[in-house]
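K.L.:
Once you've had a glance at the structure underneath, I'll fire off some questions.
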Amino acid sequence: MRPFIVNSFGTETKVLGTSFNIIGNKEEVSVIVVSGKVEFQSSEHPENDNLILEAGDKGTFNEKSISMSKEKNKDKNFIWWKKVKLEHEAKNILNKLKRKIK
């Protein structure tokens, strides 16, 4: 089985059975793991150590300092888009149920 690899702004995230979010631009890329585990590294600077990130971890690559860092994720809104989508879908379902009840 081949690993699932996401390349993003000069970084590489290897999926090891997980759910995660990648946020970034050319200067900085962050990966926040929701569940499971990923391997995160700079594809343009392979001399840097790769990071193994697990649920609740945030890994960041900074292009200016060419550095990788790992910390616990403190941003509880990092998957806001998912919550918004679920709320939108829930409203649609409620509206459909209301129409059927009438």
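Going by the structure tokens order, chains are called A, B, ..., each with residues numbered from 1, while ligands are numbered from 1 in the order shown.
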For Glu63 (chain A), find every residue with an atom within 12 Å (counting only C-alpha atoms), except residues of its own chain fewer than 3 positions away, and show them as an MDAnalysis selection string.

P.N.:
chainID A and resid 9:11 24:30 41:45 48 60 66:69

K.L.:
From the DSSP assignment of the backbone, select every residue of region 8-38 of chain A that is strand (DSSP E or B), and format the answer as a PyMOL selection string.

P.N.:
chain A and resi 8+11-24+28-38

K.L.:
Just C-alpha atoms for this one: save the residues we selected as a short mmCIF file (atom, residue, chain, number, x, y, z; two decimals), in the first residue's frame.

P.N.:
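The resulting file, again_35.cif, is reproduced below:
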data_model
loop_
_atom_site.label_atom_id
_atom_site.label_comp_id
_atom_site.auth_asym_id
_atom_site.auth_seq_id
_atom_site.Cartn_x
_atom_site.Cartn_y
_atom_site.Cartn_z
CA SER A 8 1.72 22.10 0.13
CA THR A 11 6.14 20.86 2.63
CA GLU A 12 5.06 17.24 2.57
CA THR A 13 2.44 15.67 4.84
CA LYS A 14 2.34 11.87 4.78
CA VAL A 15 -1.00 10.53 5.95
CA LEU A 16 -0.77 7.59 8.31
CA GLY A 17 -4.54 7.01 8.87
CA THR A 18 -5.97 10.29 10.13
CA SER A 19 -7.97 13.47 9.73
CA PHE A 20 -6.15 16.80 9.66
CA ASN A 21 -6.18 20.37 8.39
CA ILE A 22 -3.40 22.18 6.47
CA ILE A 23 -3.20 25.96 6.67
CA GLY A 24 -0.49 27.84 4.85
CA GLU A 28 4.56 29.29 6.70
CA VAL A 29 2.61 26.03 6.65
CA SER A 30 0.85 24.45 9.63
CA VAL A 31 -0.71 21.02 9.96
CA ILE A 32 -3.17 20.38 12.77
CA VAL A 33 -4.10 16.75 13.43
CA VAL A 34 -7.68 15.97 14.48
CA SER A 35 -7.30 12.21 14.74
CA GLY A 36 -4.68 9.61 13.91
CA LYS A 37 -1.11 10.44 12.91
CA VAL A 38 0.79 12.18 10.08
#

K.L.:
Residues at most 10 Å from Lys72 (chain A), counting only C-alpha atoms, excluding those fewer than 5 positions away in the same chain, as a PyMOL selection string?

P.N.:
chain A and resi 32-33+53-59

K.L.:
Keeping only N, CA and C atoms, write the selected residues as an mmCIF file, in the first residue's frame.

P.N.:
data_model
loop_
_atom_site.group_PDB
_atom_site.id
_atom_site.type_symbol
_atom_site.label_atom_id
_atom_site.label_comp_id
_atom_site.auth_asym_id
_atom_site.auth_seq_id
_atom_site.Cartn_x
_atom_site.Cartn_y
_atom_site.Cartn_z
ATOM 1 N N ILE A 32 -2.556 20.680 11.480
ATOM 2 C CA ILE A 32 -3.173 20.385 12.774
ATOM 3 C C ILE A 32 -3.888 19.051 12.633
ATOM 4 N N VAL A 33 -3.555 18.102 13.515
ATOM 5 C CA VAL A 33 -4.103 16.755 13.432
ATOM 6 C C VAL A 33 -5.330 16.639 14.331
ATOM 7 N N LEU A 53 3.175 13.852 13.937
ATOM 8 C CA LEU A 53 2.119 14.581 14.627
ATOM 9 C C LEU A 53 0.957 13.650 14.919
ATOM 10 N N GLU A 54 0.438 13.734 16.124
ATOM 11 C CA GLU A 54 -0.716 12.935 16.536
ATOM 12 C C GLU A 54 -1.870 13.865 16.895
ATOM 13 N N ALA A 55 -3.031 13.284 17.175
ATOM 14 C CA ALA A 55 -4.230 14.063 17.486
ATOM 15 C C ALA A 55 -3.925 15.143 18.514
ATOM 16 N N GLY A 56 -4.318 16.377 18.188
ATOM 17 C CA GLY A 56 -4.108 17.509 19.079
ATOM 18 C C GLY A 56 -2.807 18.250 18.842
ATOM 19 N N ASP A 57 -1.929 17.721 17.971
ATOM 20 C CA ASP A 57 -0.647 18.364 17.685
ATOM 21 C C ASP A 57 -0.769 19.333 16.518
ATOM 22 N N LYS A 58 0.086 20.354 16.552
ATOM 23 C CA LYS A 58 0.219 21.308 15.444
ATOM 24 C C LYS A 58 1.693 21.356 15.059
ATOM 25 N N GLY A 59 1.971 21.096 13.798
ATOM 26 C CA GLY A 59 3.325 21.200 13.278
ATOM 27 C C GLY A 59 3.399 22.379 12.337
#

K.L.:
Just list as a PyMOL selection string whatever in chain A DSSP marks as helix (DSSP H, G or I).

P.N.:
chain A and resi 80-101

K.L.:
In Å, how far is it from CA of Ile52 (chain A) to CA of Glu71 (chain A)?

P.N.:
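Interatomic distance here is 11.3 Å.
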
K.L.:
Would you work out the distance separating CA of Phe40 (chain A) from CA of Lys76 (chain A), expressed in Å to one decimal?

P.N.:
20.8 Å
